[in-house]
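Engineer: Quick one: the structure is below, questions incoming.
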Amino acid sequence: MFRRTVALFRAARTALHIAWGLILATIYPWLNANLRRRILQNWSTGLLAIFNVSVLLADDDPLHSLRNGLLVTNHISWLDVFVLNAIVPMRFVAKAEVRRWPLIGWLCARAQTLFLERGKARDAARLNVHLVQSLRGGECLAIFPEGTPTDGSAVGHFHA
């Protein structure tokens with residue numbers, strides 16, 4: 001009975017948190033960059049708290065000082081995006097299919113995710129222009145070259 005109550009409570013908190021995210025997403029693209037980063041960081045931290053996930057970084061971890069640049073990392077879980085955003089708010093590069101996912105695709109687009117059509121050289125060239133502009137503009141970007149989550153025990157196939 002207790003586990004069921006906890007699960008229902010967590011589900012309700014998650015639904016409310018996502019609803020709040022949907023409200024924020026309607027205005028998010030028009031906010032200034034500092035406010036967008038703060039909202040993204042707070043929302044991600046809140047989501048992790050709902051799932052009882054805490055993030056601990058070593059004192060000498062380079063993520064402490066990252067404010068802009070390109071982060072290339074393995075993709076282990078759907079939580080990766082929220083963990084990284086809780087530390088340093090950033091934009092992500094995602095496969096174009098994500099844009100077509102119900103609700104999640106819309107939220108990703110509103111969070112200014114950059115979408116890539118895999119295997120299309122023209123689209124890669126288009127994306128490279130956006131990446132350069134974003135980096136020159138002082139943004140922090142993240143790419144998961146494996147393109148899909150793995151268990152983290154080995155590096156998966158990198159997508160071109």
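Within each chain, counting starts at residue 1; across the structure tokens, chains are named A, B, ... in the order shown, with ligands numbered 1 upward in that order.
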Near Leu114 in chain A, within 9 Å and counting only C-alpha atoms, which residues show up once chain neighbours fewer than 2 positions away are dropped, as a PyMOL selection string?

Structural biologist: chain A and resi 91-96+108-109+112+116+127+130-131

Engineer: Output all heavy atoms for every residue in the selection just made, as an mmCIF file, in the first residue's frame.

Structural biologist:
```cif
data_model
loop_
_atom_site.group_PDB
_atom_site.id
_atom_site.type_symbol
_atom_site.label_atom_id
_atom_site.label_comp_id
_atom_site.auth_asym_id
_atom_site.auth_seq_id
_atom_site.Cartn_x
_atom_site.Cartn_y
_atom_site.Cartn_z
ATOM 1 N N ARG A 91 21.893 23.668 -24.869
ATOM 2 C CA ARG A 91 21.068 23.204 -25.979
ATOM 3 C C ARG A 91 21.646 21.886 -26.453
ATOM 4 O O ARG A 91 22.854 21.670 -26.415
ATOM 5 C CB ARG A 91 21.083 24.221 -27.112
ATOM 6 C CG ARG A 91 20.388 25.511 -26.723
ATOM 7 C CD ARG A 91 20.561 26.555 -27.789
ATOM 8 N NE ARG A 91 19.824 26.187 -29.000
ATOM 9 C CZ ARG A 91 19.914 26.863 -30.132
ATOM 10 N NH1 ARG A 91 20.713 27.905 -30.239
ATOM 11 N NH2 ARG A 91 19.231 26.490 -31.189
ATOM 12 N N PHE A 92 20.774 21.032 -26.952
ATOM 13 C CA PHE A 92 21.184 19.712 -27.400
ATOM 14 C C PHE A 92 20.954 19.550 -28.890
ATOM 15 O O PHE A 92 20.077 20.186 -29.470
ATOM 16 C CB PHE A 92 20.404 18.627 -26.648
ATOM 17 C CG PHE A 92 20.818 18.506 -25.216
ATOM 18 C CD1 PHE A 92 20.279 19.335 -24.251
ATOM 19 C CD2 PHE A 92 21.773 17.576 -24.838
ATOM 20 C CE1 PHE A 92 20.679 19.247 -22.935
ATOM 21 C CE2 PHE A 92 22.177 17.478 -23.519
ATOM 22 C CZ PHE A 92 21.634 18.317 -22.571
ATOM 23 N N VAL A 93 21.751 18.679 -29.466
ATOM 24 C CA VAL A 93 21.531 18.242 -30.839
ATOM 25 C C VAL A 93 20.831 16.892 -30.730
ATOM 26 O O VAL A 93 21.261 16.025 -29.971
ATOM 27 C CB VAL A 93 22.865 18.096 -31.607
ATOM 28 C CG1 VAL A 93 22.615 17.495 -32.983
ATOM 29 C CG2 VAL A 93 23.562 19.444 -31.710
ATOM 30 N N ALA A 94 19.744 16.732 -31.467
ATOM 31 C CA ALA A 94 18.975 15.480 -31.413
ATOM 32 C C ALA A 94 18.626 15.031 -32.826
ATOM 33 O O ALA A 94 18.561 15.848 -33.755
ATOM 34 C CB ALA A 94 17.689 15.676 -30.608
ATOM 35 N N LYS A 95 18.396 13.739 -32.949
ATOM 36 C CA LYS A 95 17.958 13.222 -34.249
ATOM 37 C C LYS A 95 16.594 13.824 -34.580
ATOM 38 O O LYS A 95 15.775 14.087 -33.690
ATOM 39 C CB LYS A 95 17.915 11.702 -34.231
ATOM 40 C CG LYS A 95 17.032 11.100 -33.154
ATOM 41 C CD LYS A 95 17.197 9.594 -33.080
ATOM 42 C CE LYS A 95 16.399 9.028 -31.921
ATOM 43 N NZ LYS A 95 16.619 7.596 -31.758
ATOM 44 N N ALA A 96 16.354 14.062 -35.852
ATOM 45 C CA ALA A 96 15.141 14.748 -36.303
ATOM 46 C C ALA A 96 13.867 14.017 -35.883
ATOM 47 O O ALA A 96 12.832 14.648 -35.682
ATOM 48 C CB ALA A 96 15.178 14.937 -37.810
ATOM 49 N N CYS A 108 11.051 19.786 -26.787
ATOM 50 C CA CYS A 108 12.455 19.884 -27.222
ATOM 51 C C CYS A 108 12.644 21.072 -28.168
ATOM 52 O O CYS A 108 13.621 21.817 -28.046
ATOM 53 C CB CYS A 108 12.901 18.593 -27.901
ATOM 54 S SG CYS A 108 13.097 17.203 -26.781
ATOM 55 N N ALA A 109 11.732 21.240 -29.091
ATOM 56 C CA ALA A 109 11.823 22.354 -30.030
ATOM 57 C C ALA A 109 11.738 23.688 -29.285
ATOM 58 O O ALA A 109 12.492 24.623 -29.586
ATOM 59 C CB ALA A 109 10.728 22.257 -31.088
ATOM 60 N N GLN A 112 14.782 24.872 -27.713
ATOM 61 C CA GLN A 112 15.753 25.240 -28.736
ATOM 62 C C GLN A 112 16.751 24.128 -29.066
ATOM 63 O O GLN A 112 17.917 24.376 -29.366
ATOM 64 C CB GLN A 112 16.462 26.533 -28.344
ATOM 65 C CG GLN A 112 15.459 27.661 -28.198
ATOM 66 C CD GLN A 112 16.089 28.959 -27.796
ATOM 67 O OE1 GLN A 112 17.010 29.000 -26.990
ATOM 68 N NE2 GLN A 112 15.586 30.040 -28.354
ATOM 69 N N LEU A 116 18.723 17.127 -36.310
ATOM 70 C CA LEU A 116 19.545 16.700 -37.432
ATOM 71 C C LEU A 116 18.932 15.500 -38.122
ATOM 72 O O LEU A 116 18.593 14.505 -37.474
ATOM 73 C CB LEU A 116 20.949 16.317 -36.926
ATOM 74 C CG LEU A 116 21.890 15.667 -37.932
ATOM 75 C CD1 LEU A 116 22.266 16.649 -39.034
ATOM 76 C CD2 LEU A 116 23.126 15.144 -37.234
ATOM 77 N N LEU A 127 23.215 22.261 -40.030
ATOM 78 C CA LEU A 127 23.365 22.213 -38.581
ATOM 79 C C LEU A 127 24.704 22.796 -38.148
ATOM 80 O O LEU A 127 24.778 23.504 -37.136
ATOM 81 C CB LEU A 127 23.220 20.781 -38.066
ATOM 82 C CG LEU A 127 23.322 20.637 -36.556
ATOM 83 C CD1 LEU A 127 22.166 21.345 -35.865
ATOM 84 C CD2 LEU A 127 23.368 19.184 -36.156
ATOM 85 N N HIS A 130 24.472 26.437 -37.692
ATOM 86 C CA HIS A 130 23.796 26.777 -36.435
ATOM 87 C C HIS A 130 24.707 26.560 -35.235
ATOM 88 O O HIS A 130 24.709 27.356 -34.295
ATOM 89 C CB HIS A 130 22.510 25.958 -36.265
ATOM 90 C CG HIS A 130 21.388 26.428 -37.121
ATOM 91 N ND1 HIS A 130 20.714 27.602 -36.914
ATOM 92 C CD2 HIS A 130 20.825 25.867 -38.209
ATOM 93 C CE1 HIS A 130 19.783 27.754 -37.827
ATOM 94 N NE2 HIS A 130 19.828 26.707 -38.640
ATOM 95 N N LEU A 131 25.466 25.473 -35.254
ATOM 96 C CA LEU A 131 26.379 25.186 -34.149
ATOM 97 C C LEU A 131 27.423 26.290 -34.013
ATOM 98 O O LEU A 131 27.678 26.782 -32.905
ATOM 99 C CB LEU A 131 27.066 23.834 -34.343
ATOM 100 C CG LEU A 131 26.184 22.593 -34.232
ATOM 101 C CD1 LEU A 131 26.984 21.343 -34.604
ATOM 102 C CD2 LEU A 131 25.587 22.466 -32.848
#
```

Engineer: Write out as a list in words each polymer residue whose atoms come within 12 Å of Ala49 in chain A, counting only C-alpha atoms; drop sequence neighbours fewer than 4 positions from it.

Structural biologist: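 Result of the neighbour search: Arg10, Arg13, Thr14, His17, Asn42, Trp43, Ser44, Thr45, Val53, Ser54, Val55, Leu79, Phe82, Val83 and Ala86 of chain A.
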
Engineer: Those residues you just picked out, can you put them in a file as a PDB file, in the first residue's frame with C-alpha atoms?

Structural biologist:
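Saved the output as selection.pdb:
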```pdb
ATOM      1  CA  ARG A  10       5.359  10.786  -7.645  1.00  0.00           C
ATOM      2  CA  ARG A  13       4.158  15.503  -8.977  1.00  0.00           C
ATOM      3  CA  THR A  14       5.572  14.511 -12.365  1.00  0.00           C
ATOM      4  CA  HIS A  17       5.892  19.440 -13.171  1.00  0.00           C
ATOM      5  CA  ASN A  42      15.560  24.955 -12.187  1.00  0.00           C
ATOM      6  CA  TRP A  43      13.043  22.865 -14.110  1.00  0.00           C
ATOM      7  CA  SER A  44      15.604  20.103 -14.683  1.00  0.00           C
ATOM      8  CA  THR A  45      16.678  20.152 -11.034  1.00  0.00           C
ATOM      9  CA  VAL A  53      18.077  11.775  -8.292  1.00  0.00           C
ATOM     10  CA  SER A  54      20.922  13.807  -6.859  1.00  0.00           C
ATOM     11  CA  VAL A  55      23.895  14.989  -8.868  1.00  0.00           C
ATOM     12  CA  LEU A  79      17.891  11.463 -17.570  1.00  0.00           C
ATOM     13  CA  PHE A  82      18.162  16.774 -17.255  1.00  0.00           C
ATOM     14  CA  VAL A  83      21.305  15.949 -15.287  1.00  0.00           C
ATOM     15  CA  ALA A  86      20.799  20.846 -13.837  1.00  0.00           C
TER      16      ALA A  86
END
```

Engineer: Please identify all polymer residues within 12 Å of Leu24 in chain A, counting only C-alpha atoms, omitting same-chain residues fewer than 4 positions from it, and present them as a list in words.

Structural biologist: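 Listing them by chain and then by number gives His17, Ile18, Ala19, Trp20, Tyr28, Pro29, Trp30, Leu31, Leu35, Arg36, Arg38, Ile39, Leu40, Asn42, Trp43, Leu107, Arg110 and Ala111 of chain A.
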
Engineer: Among the residues of range 37-158 of chain A, find those DSSP assigns to strand (DSSP E or B) from the backbone and print them as an mmCIF file with C-alpha atoms, in the first residue's frame.

Structural biologist:
```cif
data_model
loop_
_atom_site.group_PDB
_atom_site.id
_atom_site.type_symbol
_atom_site.label_atom_id
_atom_site.label_comp_id
_atom_site.auth_asym_id
_atom_site.auth_seq_id
_atom_site.Cartn_x
_atom_site.Cartn_y
_atom_site.Cartn_z
ATOM 1 C CA GLY A 69 31.310 25.532 -25.545
ATOM 2 C CA LEU A 70 30.594 22.099 -26.954
ATOM 3 C CA LEU A 71 30.145 19.032 -24.780
ATOM 4 C CA VAL A 72 30.421 15.624 -26.458
ATOM 5 C CA ARG A 91 21.068 23.204 -25.979
ATOM 6 C CA PHE A 92 21.184 19.712 -27.400
ATOM 7 C CA VAL A 93 21.531 18.242 -30.839
ATOM 8 C CA ALA A 94 18.975 15.480 -31.413
ATOM 9 C CA LYS A 95 17.958 13.222 -34.249
ATOM 10 C CA LEU A 114 18.836 21.541 -32.777
ATOM 11 C CA PHE A 115 17.514 18.676 -34.901
ATOM 12 C CA LEU A 116 19.545 16.700 -37.432
ATOM 13 C CA CYS A 140 26.704 25.768 -24.361
ATOM 14 C CA LEU A 141 25.801 22.863 -26.648
ATOM 15 C CA ALA A 142 25.763 19.105 -26.148
ATOM 16 C CA ILE A 143 25.973 16.248 -28.600
#
```
